[in-house]
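Peer 1: Here it is, the structure in full.
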Amino acid sequence: VQHLAGYTPPNYKRDYIDSWRKLKTNLVEILPSWEQSREFPQSHEENKDKLERLITIIKTRIDHADRIVKRMEVNQWLTDEEQEFVEADQKLHVEQEHLATELNRP
C-alpha cells in the first residue's frame with residue numbers, strides 16, 4: 001500500500017505571527033524620529049553615513065516583517081527569500097542597535 005501525503009499548511013502559532021506584527025509596529029513607530037534627525041545636520045553631519053544606514057535597516061526590516069506577516073496570516077509557507085529575511089533579521093537587529101547606540105552618544 002502506498003500513501004501519498006497531501007499539502008500540509010504551516011499552521012503558524014498566533015504568538016509567532018503577533019511577534020512579527022509587533023516588530024513591524026515598533027519599527028514603524030521609531031522610523032520618523034530617525035528620519036527627522038536628517039533635519040539637524042549639525043548633530044549628525046559627522047555620522048551621516050551611519051544615520052542613513054540605520055534608516056535603511058529600519059525600512060528593510062519593516063518591509064521584511066510586512067511580507068512575512070502577510071504570508072503567515074494566510075497560512076502559507078514562507079518563500080525561500082522570506083525565510084532568508086527571517087534568518088537575516090537578527091543580524092540586522094544587532095547592527096541597528098549598534099548604530100543607534102553610536103548615534104545617541106552625546
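Naming scheme: A, B, ... for chains in displayed order of the C-alpha cells; residues 1 onward per chain; ligands 1 onward as shown.
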Would you give me, as CSV, each residue of region 4-51 of chain A having an atom within 7 Å of an atom of region 72-90 of chain A, along with its shortest atom pair and that distance in Å to one decimal, using only C-alpha atoms and sorting by chain and residue number?

Peer 2:
residue,atom,partner,partner_atom,distance
A:Pro9,CA,A:Asn75,CA,6.5
A:Pro10,CA,A:Trp77,CA,5.8
A:Asn11,CA,A:Asn75,CA,6.0
A:Tyr12,CA,A:Met72,CA,6.6
A:Ile17,CA,A:Met72,CA,6.6

Peer 1: If you run DSSP on this backbone, which residues of chain A come out as helix (DSSP H, G or I), and could you give them as a ChimeraX atom specification?

Peer 2: /A:14-39,41-73,80-103

Peer 1: To one decimal place in Å, what is the distance between CA of Glu35 (chain A) and CA of Arg61 (chain A)?

Peer 2: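 Between CA of Glu35 (chain A) and CA of Arg61 (chain A) the gap works out to 15.2 Å.
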
Peer 1: Can you work out which one of A:Leu99, A:Ile68, A:Leu92, A:Ile62 has the shortest atom-to-atom distance to Leu31 (chain A), counting only C-alpha atoms?

Peer 2: A:Ile62
